[in-house]
$ cat model.txt   # compact mmCIF, C-alpha atoms and all ligand atoms
# COMPACT_ATOMS: atom_id res chain seq x y z
CA MET A 81 0.00 0.00 0.00
CA LEU A 82 2.73 2.48 1.00
CA GLU A 83 4.51 1.99 -2.33
CA LYS A 84 1.34 2.87 -4.22
CA ILE A 85 0.71 5.89 -1.97
CA ASN A 86 4.25 7.13 -2.59
CA GLU A 87 4.03 6.51 -6.33
CA THR A 88 0.79 8.50 -6.63
CA THR A 89 2.05 11.25 -4.31
CA GLU A 90 5.27 11.68 -6.29
CA PHE A 91 3.30 11.74 -9.55
CA LEU A 92 1.05 14.53 -8.23
CA LYS A 93 3.99 16.52 -6.83
CA GLY A 94 5.54 16.26 -10.27
CA LYS A 95 2.37 17.87 -11.64
CA GLY A 96 2.93 20.82 -9.30
CA ILE A 97 0.66 19.84 -6.39
CA LEU A 98 2.92 21.10 -3.62
CA ASN A 99 2.22 21.92 0.04
CA PRO A 100 -1.59 22.02 0.05
CA ASP A 101 -3.10 23.24 3.34
CA ALA A 102 -6.30 21.22 3.19
CA GLY A 103 -8.13 18.54 1.24
CA ILE A 104 -11.80 18.55 0.29
CA ILE A 105 -13.93 15.62 -0.85
CA LEU A 106 -17.14 16.76 -2.47
CA GLY A 107 -20.35 14.75 -2.37
CA THR A 108 -23.20 14.09 -4.77
CA GLY A 109 -24.20 17.25 -6.64
CA LEU A 110 -21.81 19.31 -4.54
CA GLY A 111 -18.92 19.68 -6.98
CA GLY A 112 -19.83 23.31 -7.73
CA LEU A 113 -17.59 24.51 -4.89
CA THR A 114 -14.70 23.96 -7.28
CA SER A 115 -15.82 26.98 -9.34
CA LYS A 116 -14.60 29.08 -6.38
CA ILE A 117 -11.07 27.64 -6.65
CA ARG A 118 -8.40 29.57 -8.55
CA VAL A 119 -7.21 26.48 -10.35
CA LEU A 120 -3.47 25.83 -10.62
CA THR A 121 -3.63 22.15 -11.65
CA GLU A 122 -6.53 19.95 -12.73
CA LEU A 123 -6.27 16.23 -13.45
CA ASP A 124 -8.77 13.53 -14.43
CA TYR A 125 -8.76 10.59 -12.00
CA LYS A 126 -8.21 8.26 -14.96
CA ASP A 127 -4.83 9.92 -15.59
CA ILE A 128 -3.62 9.50 -12.00
CA PRO A 129 -1.77 6.23 -11.23
CA ASN A 130 -3.58 3.94 -8.74
CA PHE A 131 -6.65 6.21 -8.51
CA PRO A 132 -10.02 4.54 -8.99
CA VAL A 133 -12.43 6.34 -11.37
CA SER A 134 -15.87 7.67 -10.34
CA THR A 135 -18.75 5.91 -12.06
CA VAL A 136 -21.67 7.87 -10.62
CA GLU A 137 -23.50 10.78 -12.23
CA GLY A 138 -22.86 13.95 -10.22
CA HIS A 139 -19.29 12.83 -9.48
CA GLU A 140 -17.05 14.18 -12.20
CA GLY A 141 -13.79 12.49 -11.29
CA LYS A 142 -11.37 15.39 -11.19
CA LEU A 143 -8.60 16.30 -8.79
CA ILE A 144 -8.26 20.06 -8.55
CA TYR A 145 -5.42 21.96 -6.88
CA GLY A 146 -5.56 25.69 -6.36
CA GLU A 147 -6.24 28.69 -4.16
CA PHE A 148 -9.45 28.72 -2.16
CA GLY A 149 -10.28 31.13 0.63
CA LYS A 150 -6.66 32.30 1.01
CA LYS A 151 -5.39 28.72 1.29
CA ARG A 152 -4.06 26.08 -1.09
CA ILE A 153 -6.36 23.11 -1.34
CA VAL A 154 -6.67 19.84 -3.20
CA ALA A 155 -10.29 19.07 -4.03
CA MET A 156 -11.67 15.73 -5.09
CA LYS A 157 -14.62 16.52 -7.36
CA GLY A 158 -16.26 13.15 -7.17
CA ARG A 159 -15.64 10.38 -4.66
CA PHE A 160 -15.62 6.61 -4.63
CA HIS A 161 -18.34 4.54 -3.03
CA PHE A 162 -18.41 0.99 -1.79
CA TYR A 163 -21.55 0.34 -3.89
CA GLU A 164 -19.55 1.02 -7.06
CA GLY A 165 -17.74 -2.20 -6.33
CA TYR A 166 -14.57 -0.64 -4.91
CA GLY A 167 -13.27 -2.28 -1.79
CA THR A 168 -12.99 0.19 1.04
CA ASP A 169 -9.19 -0.19 0.78
CA ARG A 170 -9.34 1.40 -2.69
CA ILE A 171 -11.46 4.21 -1.27
CA ALA A 172 -8.61 4.70 1.23
CA LEU A 173 -5.85 5.43 -1.27
CA PRO A 174 -6.90 8.96 -2.34
CA VAL A 175 -7.29 10.04 1.32
CA ARG A 176 -3.83 8.70 2.13
CA VAL A 177 -2.35 10.43 -0.89
CA LEU A 178 -3.87 13.76 0.21
CA LYS A 179 -2.21 13.31 3.60
CA TYR A 180 1.15 12.43 2.03
CA LEU A 181 0.85 15.54 -0.19
CA GLY A 182 0.81 17.49 3.07
CA ILE A 183 -2.79 18.47 3.88
CA LYS A 184 -3.39 19.45 7.53
CA CYS A 185 -7.18 18.87 7.62
CA LEU A 186 -9.76 16.99 5.58
CA PHE A 187 -13.13 18.54 4.69
CA LEU A 188 -15.98 16.42 3.34
CA SER A 189 -19.53 16.96 2.11
CA ASN A 190 -22.31 14.58 1.27
CA ALA A 191 -25.98 14.36 0.37
CA ALA A 192 -27.99 12.54 3.02
CA GLY A 193 -31.46 11.51 4.03
CA GLY A 194 -32.75 13.27 7.15
CA LEU A 195 -33.87 11.05 10.04
CA ASN A 196 -34.25 13.68 12.75
CA PRO A 197 -37.90 14.89 12.71
CA ASP A 198 -36.70 18.50 13.13
CA PHE A 199 -34.87 18.41 9.78
CA GLN A 200 -36.21 19.72 6.49
CA ILE A 201 -35.06 19.18 2.94
CA GLY A 202 -32.35 21.72 2.15
CA ASP A 203 -31.03 21.84 5.72
CA ILE A 204 -27.34 21.55 6.50
CA MET A 205 -26.10 19.22 9.22
CA ILE A 206 -22.61 19.56 10.65
CA ILE A 207 -21.51 16.02 11.45
CA THR A 208 -20.41 15.65 15.06
CA ASP A 209 -20.21 11.84 15.17
CA HIS A 210 -20.93 8.83 12.99
CA ILE A 211 -22.14 5.23 12.93
CA ASN A 212 -20.27 3.23 10.33
CA LEU A 213 -22.29 0.36 8.88
CA LEU A 214 -19.94 -0.15 5.92
CA PRO A 215 -17.06 -2.60 6.08
CA ASN A 216 -14.26 -0.94 8.00
CA PRO A 217 -11.60 0.24 5.51
CA LEU A 218 -8.80 -0.64 7.95
CA ILE A 219 -9.61 -4.36 7.94
CA GLY A 220 -6.55 -6.30 6.78
CA PRO A 221 -2.86 -6.10 7.62
CA ASN A 222 -1.88 -2.80 9.25
CA ASP A 223 1.15 -0.85 8.07
CA ASP A 224 2.42 0.88 11.21
CA ARG A 225 4.22 3.45 9.06
CA ILE A 226 0.80 4.69 7.90
CA GLY A 227 -1.07 4.58 11.19
CA GLU A 228 -1.65 2.52 14.31
CA ARG A 229 -3.55 -0.79 14.39
CA PHE A 230 -6.34 0.37 16.70
CA PRO A 231 -7.10 4.05 16.10
CA ASP A 232 -9.22 5.87 18.66
CA MET A 233 -12.47 7.27 17.22
CA GLY A 234 -13.58 9.30 20.25
CA GLU A 235 -13.25 12.55 18.33
CA ALA A 236 -13.62 11.56 14.70
CA TYR A 237 -14.91 15.04 13.86
CA ASP A 238 -12.66 17.81 15.08
CA LYS A 239 -14.26 19.83 17.89
CA TYR A 240 -12.32 22.99 17.08
CA LEU A 241 -13.39 22.93 13.42
CA ILE A 242 -17.02 22.31 14.43
CA LYS A 243 -16.91 25.27 16.81
CA ARG A 244 -15.45 27.54 14.14
CA ALA A 245 -18.00 26.33 11.55
CA LEU A 246 -20.87 27.13 13.92
CA LEU A 247 -19.51 30.67 14.27
CA VAL A 248 -19.13 31.02 10.50
CA ALA A 249 -22.72 29.81 9.99
CA GLU A 250 -24.01 32.31 12.55
CA GLU A 251 -22.04 35.20 11.06
CA ASN A 252 -23.45 34.38 7.62
CA ASN A 253 -27.03 33.78 8.82
CA ILE A 254 -26.99 30.15 7.73
CA LYS A 255 -29.14 27.77 9.74
CA VAL A 256 -27.28 24.56 10.61
CA HIS A 257 -27.98 21.48 12.70
CA LYS A 258 -25.45 19.27 14.41
CA GLY A 259 -25.87 15.52 14.32
CA THR A 260 -24.76 11.95 13.85
CA TYR A 261 -24.31 10.60 10.32
CA LEU A 262 -24.85 6.95 9.56
CA GLY A 263 -22.91 5.47 6.64
CA THR A 264 -24.49 2.50 4.92
CA THR A 265 -23.57 0.60 1.75
CA GLY A 266 -26.44 1.60 -0.54
CA PRO A 267 -27.12 1.61 -3.43
CA THR A 268 -30.76 1.19 -2.37
CA PHE A 269 -32.35 4.03 -0.47
CA GLU A 270 -33.87 2.81 2.78
CA THR A 271 -37.18 1.12 3.42
CA PRO A 272 -39.36 2.97 5.97
CA ALA A 273 -38.42 0.29 8.54
CA GLU A 274 -34.71 0.84 7.89
CA TYR A 275 -35.04 4.63 8.27
CA LYS A 276 -36.85 4.02 11.56
CA TYR A 277 -34.17 1.59 12.73
CA PHE A 278 -31.34 4.03 11.89
CA ARG A 279 -33.13 6.74 13.87
CA ILE A 280 -33.63 4.41 16.85
CA ILE A 281 -29.93 3.53 16.96
CA GLY A 282 -29.02 7.20 17.14
CA ALA A 283 -28.55 8.66 13.66
CA ASP A 284 -29.79 12.06 12.48
CA ALA A 285 -28.95 11.51 8.81
CA VAL A 286 -28.07 8.59 6.54
CA GLY A 287 -25.92 8.36 3.43
CA MET A 288 -23.67 6.07 1.41
CA SER A 289 -20.25 7.63 1.95
CA THR A 290 -17.99 9.65 4.26
CA THR A 291 -17.53 7.20 7.16
CA PRO A 292 -14.83 5.11 5.36
CA GLU A 293 -12.91 8.25 4.36
CA VAL A 294 -13.09 9.66 7.88
CA ILE A 295 -11.89 6.36 9.37
CA VAL A 296 -8.93 6.34 6.98
CA ALA A 297 -8.20 9.99 7.76
CA ARG A 298 -8.27 9.38 11.52
CA HIS A 299 -5.91 6.44 11.06
CA LEU A 300 -3.56 9.07 9.57
CA ASN A 301 -4.31 11.40 12.50
CA LEU A 302 -5.86 13.94 10.14
CA PRO A 303 -8.50 16.27 11.68
CA CYS A 304 -11.83 16.00 9.82
CA PHE A 305 -14.78 18.30 9.27
CA ALA A 306 -17.89 17.11 7.40
CA VAL A 307 -21.33 18.39 6.45
CA SER A 308 -24.43 16.69 5.15
CA ILE A 309 -26.97 18.36 2.90
CA ILE A 310 -30.40 16.93 3.66
CA THR A 311 -31.86 16.01 0.28
CA ASP A 312 -34.80 13.82 1.35
CA LEU A 313 -36.51 12.74 4.55
CA GLY A 314 -36.63 9.31 6.14
CA VAL A 315 -39.10 10.46 8.76
CA GLU A 316 -42.38 8.58 9.21
CA GLY A 317 -45.18 10.39 7.36
CA LYS A 318 -42.71 12.47 5.31
CA ILE A 319 -41.06 9.74 3.22
CA ALA A 320 -41.36 10.56 -0.48
CA TYR A 321 -40.22 8.67 -3.57
CA THR A 322 -36.46 9.27 -3.79
CA THR A 323 -34.28 9.08 -6.88
CA HIS A 324 -30.63 9.93 -7.56
CA LYS A 325 -31.96 12.81 -9.70
CA SER A 326 -34.04 14.26 -6.85
CA VAL A 327 -31.03 13.97 -4.51
CA LEU A 328 -28.83 15.80 -7.04
CA GLU A 329 -31.42 18.56 -7.55
CA GLU A 330 -31.84 19.19 -3.83
CA ALA A 331 -28.08 19.08 -3.18
CA VAL A 332 -27.42 21.72 -5.85
CA LYS A 333 -29.99 24.08 -4.26
CA THR A 334 -28.13 24.13 -0.94
CA GLU A 335 -24.64 24.06 -2.34
CA GLU A 336 -24.07 27.81 -2.15
CA LYS A 337 -24.61 27.88 1.62
CA MET A 338 -22.34 24.89 2.15
CA THR A 339 -19.67 26.54 -0.02
CA THR A 340 -19.86 29.70 2.12
CA ILE A 341 -19.29 27.67 5.28
CA MET A 342 -16.36 25.76 3.76
CA THR A 343 -14.72 28.88 2.27
CA GLU A 344 -14.95 30.96 5.43
CA LEU A 345 -13.93 28.06 7.63
CA ILE A 346 -10.86 27.17 5.56
CA SER A 347 -9.85 30.84 5.24
CA SER A 348 -10.00 31.27 8.98
CA LEU A 349 -7.57 28.45 9.74
N1 LIG B 401 -30.40 7.31 2.14
C1 LIG B 401 -29.14 6.95 1.83
N2 LIG B 401 -28.34 7.75 1.15
C2 LIG B 401 -28.79 8.94 0.77
C3 LIG B 401 -30.09 9.36 1.06
C4 LIG B 401 -30.94 8.49 1.77
O1 LIG B 401 -32.11 8.79 2.06
N3 LIG B 401 -30.24 10.61 0.52
C5 LIG B 401 -29.05 10.92 -0.05
N4 LIG B 401 -28.17 9.92 0.09
$ encode --input "model.txt" --output "C-alpha cells" --more "lines below"
Ligand code: HPA
Amino acid sequence: MLEKINETTEFLKGKGILNPDAGIILGTGLGGLTSKIRVLTELDYKDIPNFPVSTVEGHEGKLIYGEFGKKRIVAMKGRFHFYEGYGTDRIALPVRVLKYLGIKCLFLSNAAGGLNPDFQIGDIMIITDHINLLPNPLIGPNDDRIGERFPDMGEAYDKYLIKRALLVAEENNIKVHKGTYLGTTGPTFETPAEYKYFRIIGADAVGMSTTPEVIVARHLNLPCFAVSIITDLGVEGKIAYTTHKSVLEEAVKTEEKMTTIMTELISSL
C-alpha cells in the first residue's frame, strides 16, 4: 500500500501539487464549490496512477489543486463509493495520498437523508459523530508506518473545526444542525423500517459515503470536518419517492450555503 501511496504522491507533486493546506472531498451534486477555486492544476482521475475512477452521475472524477479562501487546497470533485464495487481499501488510497501531499485537515460533504424529525429538505447538518455500517476500511494487515492498528475514534470530527464552523454559519445567517451521520452501503435508499431503525440507533442523517474516508483519515491522524446536505426525509409520514436525480437537484440548491461555510472556515484556519 505504501509503495502505491508514494508513487501517486510523487506523480502529483511532479504535476505541481505542492504543500496544500487542506483537502476537500465533495459529495453528490456538490462539486460546484470547485468553481470558487483559482485552479493551478486539474487532473482527471483516470490519468492518476492507482486512482479509482468515479462511475456515478454527479461525481465528475477530477482532482483540482488551487487557491481557495486564502489557502491552497486539493479538491476531489467526485468520490468513490463501496456500492460502485470498490473495496474500502481502494477508497482509502486517495485520502492517504492527500495526507502524504501534506494536507493538515480533511473537509468532506455529502448528500444525506434526514432522520431527525426537526430536519427539512435543504437543511445543512454539521456532522459531530458517525455510525459506520460499511465494512471498516482498515480491515486487513496494518502498516504501522501509515497509522496505528487500533485508532481511537472518540473525536472523529474535530471539535475545534465544528466550533469555528458554527460561528461562521451564525455570522453568515446560515441555519445549521449538528448531528450523527450513519454510513451505509447503498445503493438502495432505505425502506421505511430501515429509516426508523437508523433513527432508533441514534442517527440524524443517513448516506452512502464519508464514514470510510473519515476512518482512513483518523488512522492518519488527520483532523476531519464534514457536512451533510439533507436532500430527502426518512421520517415517518414524510417519506417521499427518492431518486438519484431528486437527490442531485436538492443538493445543488443548498450548495451555495455549504460553499460559504467551507470557504470561510478554511480561510480562517
Ligand atoms: N439514504 C441513503 N443515502 C442517501 C439518502 C438516503 O435517504 N439521501 C441521499 N443519500
$ closest_residue --input "model.txt" --among "A:Met81, A:Leu328, A:Leu246, A:Ile97" --to "ligand LIG 401 (chain B)" --atoms "all atoms listed in the file"
A:Leu328
$ atom_distance --input "model.txt" --atom1 "atom CA of A:Ile219" --atom2 "atom CA of A:Ile295"
11.1 Å
$ closest_atom_pairs --input "model.txt" --of "chain A" --to "ligand LIG 401 (chain B)" --cutoff "7 Å" --atoms "only C-alpha atoms and all ligand atoms" --output "tab-separated table"
residue	atom	partner	partner_atom	distance
A:Ala191	CA	B:LIG401	C5	4.6
A:Ala192	CA	B:LIG401	C5	3.6
A:Gly193	CA	B:LIG401	O1	3.4
A:Gly194	CA	B:LIG401	O1	6.8
A:Gly266	CA	B:LIG401	C1	6.4
A:Phe269	CA	B:LIG401	N1	4.6
A:Glu270	CA	B:LIG401	N1	5.7
A:Val286	CA	B:LIG401	C1	5.1
A:Gly287	CA	B:LIG401	N2	3.4
A:Met288	CA	B:LIG401	N2	5.0
A:Thr311	CA	B:LIG401	N3	5.6
A:Asp312	CA	B:LIG401	N3	5.6
A:Leu313	CA	B:LIG401	O1	6.4
A:Gly314	CA	B:LIG401	O1	6.1
A:Val327	CA	B:LIG401	C5	5.8
$ atom_distance --input "model.txt" --atom1 "atom CA of A:Asn216" --atom2 "atom CA of A:Tyr166"
12.9 Å
$ residues_around --input "model.txt" --residues "A:Ile206" --least-positions-apart "4" --cutoff "8 Å" --atoms "all atoms listed in the file" --output "PyMOL selection string"
chain A and resi 242+256-259+306-308
$ closest_atom_pairs --input "model.txt" --of "stretch 114-182 of chain A" --to "stretch 330-339 of chain A" --cutoff "12 Å" --atoms "only C-alpha atoms" --output "CSV"
residue,atom,partner,partner_atom,distance
A:Thr114,CA,A:Thr339,CA,9.2
A:Ser115,CA,A:Thr339,CA,10.1
A:Lys116,CA,A:Thr339,CA,8.5
A:Ile117,CA,A:Thr339,CA,10.9
A:Gly138,CA,A:Val332,CA,10.0
A:Phe148,CA,A:Thr339,CA,10.7
A:Gly149,CA,A:Thr339,CA,10.5
$ atom_distance --input "model.txt" --atom1 "atom CA of A:Glu228" --atom2 "atom CA of A:Leu300"
8.3 Å
$ closest_residue --input "model.txt" --among "A:Ile104, A:Ala155, A:Ile128, A:Cys185" --to "A:Cys304" --atoms "only C-alpha atoms"
A:Cys185
$ closest_residue --input "model.txt" --among "A:Gly111, A:Pro197, A:Pro132, A:Pro267" --to "A:Val315" --atoms "only C-alpha atoms"
A:Pro197
$ residues_around --input "model.txt" --residues "A:Leu82" --least-positions-apart "4" --cutoff "10 Å" --atoms "all atoms listed in the file" --output "ChimeraX atom specification"
/A:86-88,173,176-177,223,225-226
$ residues_around --input "model.txt" --residues "A:Leu186" --least-positions-apart "6" --cutoff "10 Å" --atoms "only C-alpha atoms" --output "list in words"
Asp101, Ala102, Gly103, Ile104, Ile105, Ile153, Val154, Ala155, Val175, Leu178, Lys179, Tyr237, Asp238, Glu293, Val294, Ala297, Arg298, Leu302, Pro303, Cys304, Phe305 and Ala306 of chain A
